[in-house]
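One structure is given below, encoded as structure tokens.
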Amino acid sequence: MKKRVQQFGLESIAEKIDSEVRINEEEALQLFECGDLQLLGFLANKVNQRKNGNRASYIFNRYINYSNLCILSCQFCSFYRRKNQPGAFEFSVEEVVADAKASYDQGACEVHIVGGLHPKLPFSYYLEMIQGIKKECPGMFVKAFTAVEIRHLADRIARLSLAETLQTLKDHGLDSLTGGGAEIFDPVIRDQICRGKESAEEWLEVHRLWHQIGGKSTCTMLYGHLESLAHRVNHLKQLRTLQDETHGFTGFIPFAFEPENNQLSSLKRTTAFDDLRTLAISRIYLDNFDHITAYWISLGLPLAQIALSYGVDDLHGTIEVERIFHMAGSQTPQAQTHQRLEKAIREAGKTPFARNTWYEPLQSTLSHCVTL
């Protein structure tokens, strides 16, 4: 492997990794331009081994989309609908709570809730939804809402400041924000794929304020559309900078654009090579993040399993029902059992464990987030 490092002129980067010294943006771009995928995996695994040893995690969770009615029309999105448009849906608080309870009774320890920017649902709907889940599902973590949903609630629904909106949601039981909506932070590309959505600065502000009141969240990156490799590195830079400031991100979850049933359907989906190098370089560059997740809904479980040899230490969750990626053409299953996830981790030579929202190990798969 030393010869390969020399062949691609990566000696200084390899030395930094060995010495636990942070690489810069130019070096991250150099890694993206390296054509040796095995070498990238080798370097990424050095970082992952130091942080997580030989263990890899998953979570027993449930995805719930309360509605896909949305006032925006993001070019990359296949999920949103207008009222009375075919495929539009909206669930009551009681239906959302019932779905969460059904999964909770099967052992799920987290419910992951996102939706469109609904034009009319009152703020009380969201508060009652969180409270209802907390009442019916003691110990279940509620991970909900993207940054743009929070801004929508603050500006148009609750008519409160961002800080007041976040604190109110936290007081009613919200445990974590989701990392969705980050897409790519470059403003020019953002205008081409999600015109009208919040800016990068606005996305970062929501998470900064959430972290400042003691909240935790994940973060994401949508790649494989109109962005350049330099745009990806800049995106990672902004996440790393905020993490330096707040230490509020629990993990990073990159996923590829799905090019069906949307305004960017002329694009081709990215390759497995690109998926794996993006995960590996994310692991190397994001030195202040403990966890990198391979999102099997996007990758498929076989490739997510391979990603465990490219710096990844988490396979996300059981999910049960997923709409956003599948409405964009994803051909992966709607769900995975915890047995399949554990089997995939073991076959990759790792030791599996069930985790909670904070990536902490649980006593057992069905323990409702009782940590070790």
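A note on labels: chains of the structure tokens are A, B, ... as shown, every chain counts residues from 1, and ligands are counted from 1 in their shown order.
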
Any idea what's packed within 12 Å of A:Leu169, counting only C-alpha atoms, ignoring anything in its chain fewer than 3 positions away? Could you give it as an NGL selection string? :A and (123-131 or 142-145 or 150 or 153-154 or 158 or 160 or 162-166 or 172-177 or 210 or 213 or 215)

File dump, residues just selected, N, CA, C and O atoms, as a tab-separated table (two decimals), in the first residue's frame:
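See result.tsv below for the written result:
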```tsv
chain	number	residue	atom	x	y	z
A	123	PHE	N	-49.52	24.63	14.43
A	123	PHE	CA	-48.38	24.26	15.25
A	123	PHE	C	-48.78	23.20	16.27
A	123	PHE	O	-47.98	22.32	16.62
A	124	SER	N	-50.01	23.28	16.76
A	124	SER	CA	-50.48	22.31	17.74
A	124	SER	C	-50.45	20.88	17.20
A	124	SER	O	-50.26	19.92	17.96
A	125	TYR	N	-50.62	20.72	15.89
A	125	TYR	CA	-50.55	19.39	15.28
A	125	TYR	C	-49.20	18.74	15.58
A	125	TYR	O	-49.12	17.57	15.99
A	126	TYR	N	-48.13	19.48	15.37
A	126	TYR	CA	-46.78	18.96	15.54
A	126	TYR	C	-46.47	18.69	17.02
A	126	TYR	O	-45.84	17.67	17.35
A	127	LEU	N	-46.94	19.59	17.88
A	127	LEU	CA	-46.70	19.40	19.32
A	127	LEU	C	-47.47	18.20	19.84
A	127	LEU	O	-46.94	17.40	20.63
A	128	GLU	N	-48.72	18.06	19.42
A	128	GLU	CA	-49.54	16.93	19.87
A	128	GLU	C	-49.00	15.61	19.32
A	128	GLU	O	-49.08	14.57	19.99
A	129	MET	N	-48.43	15.64	18.12
A	129	MET	CA	-47.84	14.44	17.54
A	129	MET	C	-46.66	13.96	18.39
A	129	MET	O	-46.57	12.77	18.73
A	130	ILE	N	-45.79	14.88	18.76
A	130	ILE	CA	-44.64	14.51	19.59
A	130	ILE	C	-45.11	14.02	20.96
A	130	ILE	O	-44.66	12.97	21.45
A	131	GLN	N	-46.00	14.77	21.59
A	131	GLN	CA	-46.50	14.39	22.92
A	131	GLN	C	-47.20	13.05	22.89
A	131	GLN	O	-47.05	12.23	23.81
A	142	VAL	N	-37.79	10.53	19.60
A	142	VAL	CA	-38.46	11.20	18.49
A	142	VAL	C	-37.43	12.05	17.76
A	142	VAL	O	-36.97	13.07	18.27
A	143	LYS	N	-37.07	11.59	16.59
A	143	LYS	CA	-36.16	12.33	15.70
A	143	LYS	C	-37.00	12.87	14.56
A	143	LYS	O	-37.55	12.09	13.77
A	144	ALA	N	-37.12	14.18	14.48
A	144	ALA	CA	-38.10	14.72	13.54
A	144	ALA	C	-37.69	16.07	12.97
A	144	ALA	O	-36.93	16.82	13.59
A	145	PHE	N	-38.17	16.32	11.76
A	145	PHE	CA	-38.14	17.62	11.09
A	145	PHE	C	-36.76	17.99	10.54
A	145	PHE	O	-35.75	17.84	11.20
A	150	ILE	N	-38.42	23.31	10.17
A	150	ILE	CA	-38.35	24.16	11.36
A	150	ILE	C	-38.55	25.63	10.99
A	150	ILE	O	-39.30	26.37	11.66
A	153	LEU	N	-42.19	26.18	10.19
A	153	LEU	CA	-43.00	26.25	11.41
A	153	LEU	C	-42.83	27.59	12.11
A	153	LEU	O	-43.81	28.20	12.56
A	154	ALA	N	-41.60	28.06	12.19
A	154	ALA	CA	-41.33	29.32	12.90
A	154	ALA	C	-41.91	30.51	12.16
A	154	ALA	O	-42.60	31.35	12.76
A	158	ALA	N	-46.17	28.90	13.46
A	158	ALA	CA	-46.20	29.31	14.87
A	158	ALA	C	-46.01	30.81	15.03
A	158	ALA	O	-46.42	31.38	16.04
A	160	LEU	N	-43.20	32.34	15.57
A	160	LEU	CA	-42.27	32.51	16.67
A	160	LEU	C	-40.86	32.63	16.10
A	160	LEU	O	-40.62	32.32	14.93
A	162	LEU	N	-36.97	31.42	15.61
A	162	LEU	CA	-36.41	30.08	15.48
A	162	LEU	C	-36.07	29.48	16.85
A	162	LEU	O	-36.37	28.32	17.12
A	163	ALA	N	-35.44	30.29	17.69
A	163	ALA	CA	-35.06	29.81	19.02
A	163	ALA	C	-36.28	29.40	19.83
A	163	ALA	O	-36.27	28.36	20.50
A	164	GLU	N	-37.34	30.21	19.77
A	164	GLU	CA	-38.56	29.88	20.52
A	164	GLU	C	-39.22	28.62	19.97
A	164	GLU	O	-39.73	27.78	20.73
A	165	THR	N	-39.24	28.49	18.65
A	165	THR	CA	-39.84	27.31	18.02
A	165	THR	C	-39.10	26.05	18.43
A	165	THR	O	-39.71	25.04	18.82
A	166	LEU	N	-37.78	26.08	18.36
A	166	LEU	CA	-36.98	24.92	18.73
A	166	LEU	C	-37.14	24.57	20.20
A	166	LEU	O	-37.28	23.39	20.56
A	172	HIS	N	-41.68	19.85	24.38
A	172	HIS	CA	-42.77	18.89	24.16
A	172	HIS	C	-42.26	17.49	23.84
A	172	HIS	O	-43.07	16.59	23.58
A	173	GLY	N	-40.92	17.29	23.85
A	173	GLY	CA	-40.39	15.94	23.74
A	173	GLY	C	-39.54	15.65	22.53
A	173	GLY	O	-39.09	14.51	22.37
A	174	LEU	N	-39.30	16.63	21.65
A	174	LEU	CA	-38.45	16.37	20.50
A	174	LEU	C	-37.03	16.09	20.97
A	174	LEU	O	-36.43	16.89	21.69
A	175	ASP	N	-36.48	14.93	20.54
A	175	ASP	CA	-35.15	14.53	20.98
A	175	ASP	C	-34.05	14.95	20.02
A	175	ASP	O	-32.94	15.29	20.45
A	176	SER	N	-34.33	14.90	18.72
A	176	SER	CA	-33.28	15.17	17.74
A	176	SER	C	-33.88	15.73	16.47
A	176	SER	O	-35.00	15.36	16.08
A	177	LEU	N	-33.14	16.62	15.82
A	177	LEU	CA	-33.49	17.03	14.46
A	177	LEU	C	-32.90	16.03	13.47
A	177	LEU	O	-31.85	15.44	13.71
A	210	TRP	N	-30.22	24.76	17.58
A	210	TRP	CA	-30.63	23.51	18.24
A	210	TRP	C	-29.52	22.97	19.12
A	210	TRP	O	-29.76	22.56	20.26
A	213	ILE	N	-29.09	24.84	22.49
A	213	ILE	CA	-30.02	24.57	23.59
A	213	ILE	C	-29.91	23.12	24.06
A	213	ILE	O	-30.78	22.60	24.77
A	215	GLY	N	-29.54	20.33	22.06
A	215	GLY	CA	-30.03	19.31	21.16
A	215	GLY	C	-28.94	18.68	20.33
A	215	GLY	O	-27.86	19.26	20.16
```

Where in stretch 138-344 of chain A does DSSP assign helix (DSSP H, G or I), given as a VMD selection string? chain A and resid 147 to 158 162 to 171 187 to 193 200 to 212 229 to 246 272 to 285 296 to 299 301 to 307 326 to 328 338 to 344

Please provide the set of residues having any atom within 10 Å of A:Gly181, restricted to only C-alpha atoms, with same-chain residues fewer than 5 positions apart removed, written as a ChimeraX atom specification. /A:145-149,194,197-200,203,219-222

Given the choices A:Gly9, A:Pro122, A:Pro259, A:Gly53, which gets closest to A:Pro352 if the distance is worked out from only C-alpha atoms? A:Gly53

Counting only C-alpha atoms, what is within 9 Å of A:His338, bar same-chain residues fewer than 6 positions away, as a count of residues only? 7

Can you tell me, as JSON, numbers by chain, what residues are no more than 10 Å from A:Ile189 when counting only C-alpha atoms, ignoring any on the same chain fewer than 5 positions away? {"A": [183, 184, 194, 195, 225, 226, 227, 228, 231]}

Go through A:Ala88, A:Leu286, A:Ile297, A:Val96 and flag the residue nearest A:Val233, using only C-alpha atoms for the distances.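 Residue with the minimum atom-to-atom distance to A:Val233: A:Leu286.
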
Please return, as an mmCIF file with N, CA, C and O atoms, in the first residue's frame, all residues of stretch 154-354 of chain A that DSSP assigns to strand (DSSP E) on the basis of the backbone.
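Below is the file that was written, states01.cif:
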```cif
data_model
loop_
_atom_site.group_PDB
_atom_site.id
_atom_site.type_symbol
_atom_site.label_atom_id
_atom_site.label_comp_id
_atom_site.auth_asym_id
_atom_site.auth_seq_id
_atom_site.Cartn_x
_atom_site.Cartn_y
_atom_site.Cartn_z
ATOM 1 N N SER A 176 -34.331 14.905 18.725
ATOM 2 C CA SER A 176 -33.275 15.170 17.745
ATOM 3 C C SER A 176 -33.882 15.733 16.471
ATOM 4 O O SER A 176 -34.998 15.358 16.083
ATOM 5 N N LEU A 177 -33.136 16.617 15.820
ATOM 6 C CA LEU A 177 -33.488 17.026 14.464
ATOM 7 C C LEU A 177 -32.898 16.034 13.469
ATOM 8 O O LEU A 177 -31.849 15.442 13.709
ATOM 9 N N LYS A 216 -29.213 17.506 19.801
ATOM 10 C CA LYS A 216 -28.309 16.807 18.892
ATOM 11 C C LYS A 216 -29.020 16.587 17.563
ATOM 12 O O LYS A 216 -30.250 16.572 17.478
ATOM 13 N N SER A 217 -28.239 16.396 16.520
ATOM 14 C CA SER A 217 -28.814 16.156 15.202
ATOM 15 C C SER A 217 -27.815 15.417 14.332
ATOM 16 O O SER A 217 -26.636 15.301 14.675
ATOM 17 N N THR A 218 -28.302 14.907 13.215
ATOM 18 C CA THR A 218 -27.426 14.364 12.188
ATOM 19 C C THR A 218 -27.324 15.386 11.054
ATOM 20 O O THR A 218 -28.019 16.395 11.051
ATOM 21 N N CYS A 219 -26.455 15.116 10.090
ATOM 22 C CA CYS A 219 -26.351 15.983 8.924
ATOM 23 C C CYS A 219 -26.144 15.127 7.689
ATOM 24 O O CYS A 219 -25.735 13.966 7.783
ATOM 25 N N THR A 220 -26.440 15.711 6.535
ATOM 26 C CA THR A 220 -26.447 14.947 5.297
ATOM 27 C C THR A 220 -25.787 15.727 4.165
ATOM 28 O O THR A 220 -25.482 16.909 4.287
ATOM 29 N N MET A 221 -25.599 15.036 3.058
ATOM 30 C CA MET A 221 -25.187 15.672 1.802
ATOM 31 C C MET A 221 -25.810 14.885 0.658
ATOM 32 O O MET A 221 -25.720 13.657 0.609
ATOM 33 N N LEU A 222 -26.466 15.591 -0.247
ATOM 34 C CA LEU A 222 -27.010 14.985 -1.458
ATOM 35 C C LEU A 222 -26.012 15.223 -2.593
ATOM 36 O O LEU A 222 -25.726 16.368 -2.943
ATOM 37 N N TYR A 223 -25.496 14.160 -3.168
ATOM 38 C CA TYR A 223 -24.463 14.276 -4.200
ATOM 39 C C TYR A 223 -24.887 13.495 -5.443
ATOM 40 O O TYR A 223 -25.859 12.744 -5.434
ATOM 41 N N PHE A 249 -23.412 17.416 16.179
ATOM 42 C CA PHE A 249 -23.770 16.393 15.203
ATOM 43 C C PHE A 249 -23.325 15.017 15.695
ATOM 44 O O PHE A 249 -22.176 14.827 16.088
ATOM 45 N N THR A 250 -24.244 14.067 15.642
ATOM 46 C CA THR A 250 -23.923 12.706 16.075
ATOM 47 C C THR A 250 -23.356 11.870 14.944
ATOM 48 O O THR A 250 -22.583 10.934 15.189
ATOM 49 N N GLY A 251 -23.730 12.167 13.709
ATOM 50 C CA GLY A 251 -23.239 11.385 12.589
ATOM 51 C C GLY A 251 -23.512 12.075 11.269
ATOM 52 O O GLY A 251 -24.316 13.006 11.185
ATOM 53 N N PHE A 252 -22.823 11.611 10.229
ATOM 54 C CA PHE A 252 -22.951 12.166 8.882
ATOM 55 C C PHE A 252 -23.484 11.087 7.953
ATOM 56 O O PHE A 252 -23.011 9.945 7.966
ATOM 57 N N ILE A 253 -24.478 11.460 7.113
ATOM 58 C CA ILE A 253 -25.151 10.503 6.236
ATOM 59 C C ILE A 253 -25.208 11.076 4.823
ATOM 60 O O ILE A 253 -26.117 11.836 4.479
ATOM 61 N N PRO A 254 -24.239 10.753 3.980
ATOM 62 C CA PRO A 254 -24.321 11.187 2.581
ATOM 63 C C PRO A 254 -25.171 10.219 1.767
ATOM 64 O O PRO A 254 -25.183 9.018 2.031
ATOM 65 N N PHE A 255 -25.901 10.729 0.785
ATOM 66 C CA PHE A 255 -26.646 9.836 -0.099
ATOM 67 C C PHE A 255 -26.749 10.429 -1.495
ATOM 68 O O PHE A 255 -26.688 11.641 -1.693
ATOM 69 N N ALA A 256 -26.901 9.533 -2.468
ATOM 70 C CA ALA A 256 -26.879 9.923 -3.874
ATOM 71 C C ALA A 256 -28.265 10.341 -4.352
ATOM 72 O O ALA A 256 -29.295 9.826 -3.893
ATOM 73 N N ASP A 314 -21.771 2.457 10.422
ATOM 74 C CA ASP A 314 -23.191 2.376 10.754
ATOM 75 C C ASP A 314 -23.991 2.126 9.475
ATOM 76 O O ASP A 314 -23.702 2.716 8.430
ATOM 77 N N LEU A 315 -25.024 1.260 9.565
ATOM 78 C CA LEU A 315 -25.876 0.940 8.417
ATOM 79 C C LEU A 315 -27.264 1.540 8.535
ATOM 80 O O LEU A 315 -28.183 1.112 7.846
ATOM 81 N N HIS A 316 -27.430 2.533 9.383
ATOM 82 C CA HIS A 316 -28.725 3.172 9.606
ATOM 83 C C HIS A 316 -29.693 2.184 10.231
ATOM 84 O O HIS A 316 -29.322 1.527 11.205
ATOM 85 N N GLY A 317 -30.940 2.086 9.732
ATOM 86 C CA GLY A 317 -31.925 1.349 10.512
ATOM 87 C C GLY A 317 -32.842 0.438 9.723
ATOM 88 O O GLY A 317 -32.720 0.261 8.514
ATOM 89 N N THR A 351 -18.303 -6.544 14.184
ATOM 90 C CA THR A 351 -19.169 -6.978 15.278
ATOM 91 C C THR A 351 -20.374 -6.049 15.346
ATOM 92 O O THR A 351 -20.222 -4.844 15.572
ATOM 93 N N PRO A 352 -21.591 -6.564 15.145
ATOM 94 C CA PRO A 352 -22.765 -5.694 15.105
ATOM 95 C C PRO A 352 -23.291 -5.359 16.494
ATOM 96 O O PRO A 352 -23.126 -6.138 17.439
ATOM 97 N N PHE A 353 -23.909 -4.188 16.614
ATOM 98 C CA PHE A 353 -24.664 -3.867 17.829
ATOM 99 C C PHE A 353 -25.794 -2.915 17.493
ATOM 100 O O PHE A 353 -25.694 -2.074 16.607
ATOM 101 N N ALA A 354 -26.901 -3.105 18.215
ATOM 102 C CA ALA A 354 -28.042 -2.202 18.084
ATOM 103 C C ALA A 354 -27.750 -0.936 18.880
ATOM 104 O O ALA A 354 -27.196 -0.995 19.975
#
```

Point out the residue among A:Phe257, A:Glu245, A:Glu33, A:Asn54 with the least atom-to-atom distance to A:Arg346, counting only C-alpha atoms.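 Checking each of A:Phe257, A:Glu245, A:Glu33, A:Asn54 against A:Arg346, counting only C-alpha atoms, the winner is A:Asn54.
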